[in-house]
>>> print(open('coords-v4.pdb').read())   # PDB, C-alpha atoms, pLDDT in the B column
ATOM      1  CA  MET A   1      13.478 -31.605   3.190  1.00 50.00           C
ATOM      2  CA  GLY A   2      11.677 -32.924   0.113  1.00 57.00           C
ATOM      3  CA  ILE A   3      12.876 -32.434  -3.436  1.00 53.00           C
ATOM      4  CA  MET A   4       9.932 -30.123  -4.230  1.00 53.00           C
ATOM      5  CA  THR A   5      10.858 -27.842  -1.329  1.00 52.00           C
ATOM      6  CA  VAL A   6      14.412 -27.609  -2.624  1.00 42.00           C
ATOM      7  CA  ILE A   7      13.202 -26.880  -6.161  1.00 46.00           C
ATOM      8  CA  ARG A   8      10.810 -24.179  -4.944  1.00 53.00           C
ATOM      9  CA  SER A   9      13.544 -22.505  -2.915  1.00 47.00           C
ATOM     10  CA  PHE A  10      15.707 -22.244  -6.039  1.00 44.00           C
ATOM     11  CA  MET A  11      12.815 -20.973  -8.150  1.00 50.00           C
ATOM     12  CA  LYS A  12      12.093 -18.009  -5.889  1.00 59.00           C
ATOM     13  CA  LYS A  13      13.491 -14.764  -7.175  1.00 62.00           C
ATOM     14  CA  PRO A  14      15.294 -12.833  -4.469  1.00 63.00           C
ATOM     15  CA  VAL A  15      13.578  -9.608  -3.499  1.00 73.00           C
ATOM     16  CA  ASN A  16      15.992  -6.778  -2.880  1.00 89.00           C
ATOM     17  CA  LEU A  17      14.198  -4.248  -0.700  1.00 92.00           C
ATOM     18  CA  PRO A  18      15.436  -1.528   1.620  1.00 94.00           C
ATOM     19  CA  ILE A  19      15.556  -2.680   5.235  1.00 94.00           C
ATOM     20  CA  PRO A  20      12.928  -0.124   6.376  1.00 95.00           C
ATOM     21  CA  VAL A  21      10.486  -1.523   3.787  1.00 95.00           C
ATOM     22  CA  ILE A  22      11.110  -5.070   4.989  1.00 95.00           C
ATOM     23  CA  LYS A  23      10.451  -3.969   8.574  1.00 96.00           C
ATOM     24  CA  VAL A  24       7.224  -2.177   7.595  1.00 95.00           C
ATOM     25  CA  LEU A  25       5.943  -5.231   5.704  1.00 96.00           C
ATOM     26  CA  ARG A  26       6.740  -7.507   8.643  1.00 97.00           C
ATOM     27  CA  LYS A  27       4.892  -5.178  10.998  1.00 97.00           C
ATOM     28  CA  LEU A  28       1.940  -5.005   8.610  1.00 96.00           C
ATOM     29  CA  GLY A  29       1.844  -8.798   8.391  1.00 97.00           C
ATOM     30  CA  ASN A  30       2.002  -9.121  12.165  1.00 97.00           C
ATOM     31  CA  ASP A  31      -0.725  -6.496  12.581  1.00 97.00           C
ATOM     32  CA  ILE A  32      -2.929  -8.356  10.089  1.00 97.00           C
ATOM     33  CA  SER A  33      -2.365 -11.619  11.949  1.00 97.00           C
ATOM     34  CA  ASP A  34      -3.205  -9.961  15.270  1.00 97.00           C
ATOM     35  CA  ALA A  35      -6.352  -8.378  13.805  1.00 97.00           C
ATOM     36  CA  ARG A  36      -7.500 -11.714  12.371  1.00 97.00           C
ATOM     37  CA  ARG A  37      -7.075 -13.358  15.758  1.00 97.00           C
ATOM     38  CA  ARG A  38      -8.814 -10.465  17.563  1.00 97.00           C
ATOM     39  CA  HIS A  39     -11.759 -10.998  15.217  1.00 96.00           C
ATOM     40  CA  ARG A  40     -11.625 -14.702  16.100  1.00 97.00           C
ATOM     41  CA  VAL A  41     -11.334 -15.682  12.431  1.00 97.00           C
ATOM     42  CA  THR A  42      -9.438 -18.838  11.491  1.00 97.00           C
ATOM     43  CA  VAL A  43      -6.818 -18.893   8.746  1.00 97.00           C
ATOM     44  CA  GLU A  44      -9.084 -21.074   6.609  1.00 97.00           C
ATOM     45  CA  ILE A  45     -12.090 -18.748   6.908  1.00 97.00           C
ATOM     46  CA  MET A  46      -9.981 -15.615   6.335  1.00 98.00           C
ATOM     47  CA  ALA A  47      -8.386 -17.104   3.227  1.00 98.00           C
ATOM     48  CA  GLU A  48     -11.796 -18.133   1.898  1.00 98.00           C
ATOM     49  CA  ARG A  49     -13.370 -14.722   2.536  1.00 97.00           C
ATOM     50  CA  ALA A  50     -10.420 -12.931   0.944  1.00 98.00           C
ATOM     51  CA  GLY A  51     -10.394 -15.287  -2.034  1.00 98.00           C
ATOM     52  CA  LEU A  52      -6.847 -16.440  -1.320  1.00 98.00           C
ATOM     53  CA  SER A  53      -5.074 -19.685  -0.614  1.00 98.00           C
ATOM     54  CA  ARG A  54      -3.968 -20.397   2.947  1.00 97.00           C
ATOM     55  CA  ALA A  55      -0.374 -20.254   1.681  1.00 97.00           C
ATOM     56  CA  THR A  56      -0.873 -16.700   0.381  1.00 97.00           C
ATOM     57  CA  LEU A  57      -2.504 -15.635   3.635  1.00 98.00           C
ATOM     58  CA  SER A  58       0.449 -17.118   5.486  1.00 97.00           C
ATOM     59  CA  LYS A  59       2.821 -15.072   3.313  1.00 97.00           C
ATOM     60  CA  ILE A  60       0.827 -11.924   4.070  1.00 98.00           C
ATOM     61  CA  GLU A  61       0.869 -12.544   7.803  1.00 98.00           C
ATOM     62  CA  LYS A  62       4.656 -12.947   7.611  1.00 97.00           C
ATOM     63  CA  GLY A  63       4.993  -9.685   5.658  1.00 96.00           C
ATOM     64  CA  ASP A  64       6.276 -11.448   2.549  1.00 96.00           C
ATOM     65  CA  PRO A  65       6.916  -8.834  -0.176  1.00 95.00           C
ATOM     66  CA  THR A  66       6.069 -11.309  -2.943  1.00 95.00           C
ATOM     67  CA  ALA A  67       2.367 -11.332  -1.984  1.00 96.00           C
ATOM     68  CA  SER A  68       0.482  -8.924  -4.249  1.00 96.00           C
ATOM     69  CA  MET A  69      -0.830  -5.614  -3.057  1.00 95.00           C
ATOM     70  CA  GLY A  70      -4.270  -6.812  -4.133  1.00 96.00           C
ATOM     71  CA  ALA A  71      -3.963  -9.782  -1.791  1.00 97.00           C
ATOM     72  CA  TYR A  72      -3.032  -7.478   1.090  1.00 97.00           C
ATOM     73  CA  GLY A  73      -5.986  -5.275   0.146  1.00 96.00           C
ATOM     74  CA  SER A  74      -8.409  -8.219   0.120  1.00 97.00           C
ATOM     75  CA  VAL A  75      -7.348  -9.268   3.607  1.00 97.00           C
ATOM     76  CA  LEU A  76      -7.634  -5.703   4.888  1.00 97.00           C
ATOM     77  CA  PHE A  77     -11.114  -5.497   3.347  1.00 97.00           C
ATOM     78  CA  VAL A  78     -12.235  -8.644   5.161  1.00 97.00           C
ATOM     79  CA  LEU A  79     -10.959  -7.118   8.406  1.00 97.00           C
ATOM     80  CA  GLY A  80     -12.769  -3.842   7.723  1.00 95.00           C
ATOM     81  CA  LEU A  81      -9.498  -1.962   7.325  1.00 95.00           C
ATOM     82  CA  ALA A  82      -9.357  -1.383   3.553  1.00 93.00           C
ATOM     83  CA  ASP A  83     -10.181   2.318   3.909  1.00 91.00           C
ATOM     84  CA  ARG A  84      -6.715   2.811   5.380  1.00 87.00           C
ATOM     85  CA  LEU A  85      -5.266   2.153   1.900  1.00 88.00           C
ATOM     86  CA  ASN A  86      -6.678   5.512   0.774  1.00 88.00           C
ATOM     87  CA  ASP A  87      -4.019   7.371   2.741  1.00 84.00           C
ATOM     88  CA  LEU A  88      -0.916   5.451   1.647  1.00 84.00           C
ATOM     89  CA  ALA A  89       0.296   8.020  -0.861  1.00 82.00           C
ATOM     90  CA  ASP A  90      -2.113  10.858  -0.079  1.00 84.00           C
ATOM     91  CA  ALA A  91      -0.632  14.293  -0.737  1.00 80.00           C
ATOM     92  CA  ALA A  92      -1.596  15.347   2.787  1.00 83.00           C
ATOM     93  CA  HIS A  93       1.070  12.966   4.115  1.00 82.00           C
ATOM     94  CA  ASP A  94       3.715  13.748   1.460  1.00 83.00           C
ATOM     95  CA  LEU A  95       5.602  16.570   3.152  1.00 86.00           C
ATOM     96  CA  THR A  96       8.624  16.425   0.845  1.00 83.00           C
ATOM     97  CA  GLY A  97       6.461  16.388  -2.264  1.00 80.00           C
ATOM     98  CA  ARG A  98       4.437  19.343  -1.055  1.00 81.00           C
ATOM     99  CA  GLN A  99       7.600  21.318  -0.222  1.00 83.00           C
ATOM    100  CA  LEU A 100       8.985  20.659  -3.693  1.00 79.00           C
ATOM    101  CA  GLU A 101       5.688  21.696  -5.233  1.00 81.00           C
ATOM    102  CA  GLU A 102       5.627  24.924  -3.208  1.00 78.00           C
ATOM    103  CA  GLU A 103       9.056  25.864  -4.557  1.00 79.00           C
ATOM    104  CA  LYS A 104       7.547  26.001  -8.038  1.00 77.00           C
ATOM    105  CA  LEU A 105       4.625  28.210  -7.010  1.00 72.00           C
ATOM    106  CA  PRO A 106       4.779  31.791  -8.292  1.00 72.00           C
ATOM    107  CA  LYS A 107       5.766  34.494  -5.835  1.00 74.00           C
ATOM    108  CA  ARG A 108       2.920  36.710  -6.939  1.00 79.00           C
ATOM    109  CA  VAL A 109      -0.339  36.134  -8.772  1.00 78.00           C
ATOM    110  CA  ARG A 110      -1.591  38.939 -11.000  1.00 82.00           C
ATOM    111  CA  LEU A 111      -4.950  39.361 -12.597  1.00 85.00           C
ATOM    112  CA  PRO A 112      -4.897  39.631 -16.370  1.00 84.00           C
ATOM    113  CA  LYS A 113      -4.911  43.205 -17.609  1.00 82.00           C
ATOM    114  CA  LYS A 114      -8.294  44.455 -18.721  1.00 78.00           C
ATOM    115  CA  ARG A 115      -8.603  45.474 -22.329  1.00 73.00           C
ATOM    116  CA  LYS A 116      -9.662  49.009 -22.915  1.00 68.00           C
ATOM    117  CA  ILE A 117     -12.939  49.169 -24.776  1.00 67.00           C
ATOM    118  CA  ASP A 118     -13.068  51.910 -27.322  1.00 62.00           C
ATOM    119  CA  ASN A 119     -16.442  53.697 -27.091  1.00 64.00           C
ATOM    120  CA  HIS A 120     -15.711  56.042 -30.043  1.00 63.00           C
ATOM    121  CA  GLU A 121     -17.419  54.127 -32.765  1.00 55.00           C
TER     122      GLU A 121
END
>>> encode(input="coords-v4.pdb", output="structure tokens")
Amino acid sequence: MGIMTVIRSFMKKPVNLPIPVIKVLRKLGNDISDARRRHRVTVEIMAERAGLSRATLSKIEKGDPTASMGAYGSVLFVLGLADRLNDLADAAHDLTGRQLEEEKLPKRVRLPKKRKIDNHE
């Protein structure tokens, strides 16, 4: 192992993520790698089209959490999958949030009372 590799390993900040998030990122990276290969696109061409370095693309395909969300988005765009990002935090998929919101809804909705107009002028 070269001295630069050792220095880089010490420079990396540890990322403390919940295990389910780590698993999801790894699956996403694997799915991206599989999609790239299904499209018969090399690492070099994918990195170029996404505007990334090969090292960053490698991180993405490993599910590395230090790769930016923008980098993931660029790769998904090249694969024609960027539209899937629209649904990540969509309210339609946020069951807990919708339930909490419904608790705050009024039990009854009333129309405002009409003012009486005095015709005795």
>>> atom_distance(input="coords-v4.pdb", atom1="atom CA of Gly51 of chain A", atom2="atom CA of Leu88 of chain A")
23.1 Å
>>> axis_aligned_box(input="coords-v4.pdb", around="segment 54-60 of chain A", padding_each_side="4 Å", output="JSON")
{"center_x": -0.6, "center_y": -16.2, "center_z": 2.9, "size_x": 14.8, "size_y": 16.5, "size_z": 13.1}
>>> atom_distance(input="coords-v4.pdb", atom1="atom CA of Thr66 of chain A", atom2="atom CA of Asn86 of chain A")
21.4 Å
>>> residues_around(input="coords-v4.pdb", residues="segment 68-76 of chain A", least_positions_apart="4", cutoff="12 Å", atoms="all atoms listed in the file", output="VMD selection string")
chain A and resid 25 28 to 29 31 to 33 35 to 36 41 43 45 to 64 80 to 86 88
>>> atom_distance(input="coords-v4.pdb", atom1="atom CA of Arg38 of chain A", atom2="atom CA of Leu79 of chain A")
10.0 Å
>>> closest_residue(input="coords-v4.pdb", among="A:Lys107, A:Pro65, A:Phe77, A:His93", to="Val21 of chain A", atoms="all atoms listed in the file")
A:Pro65
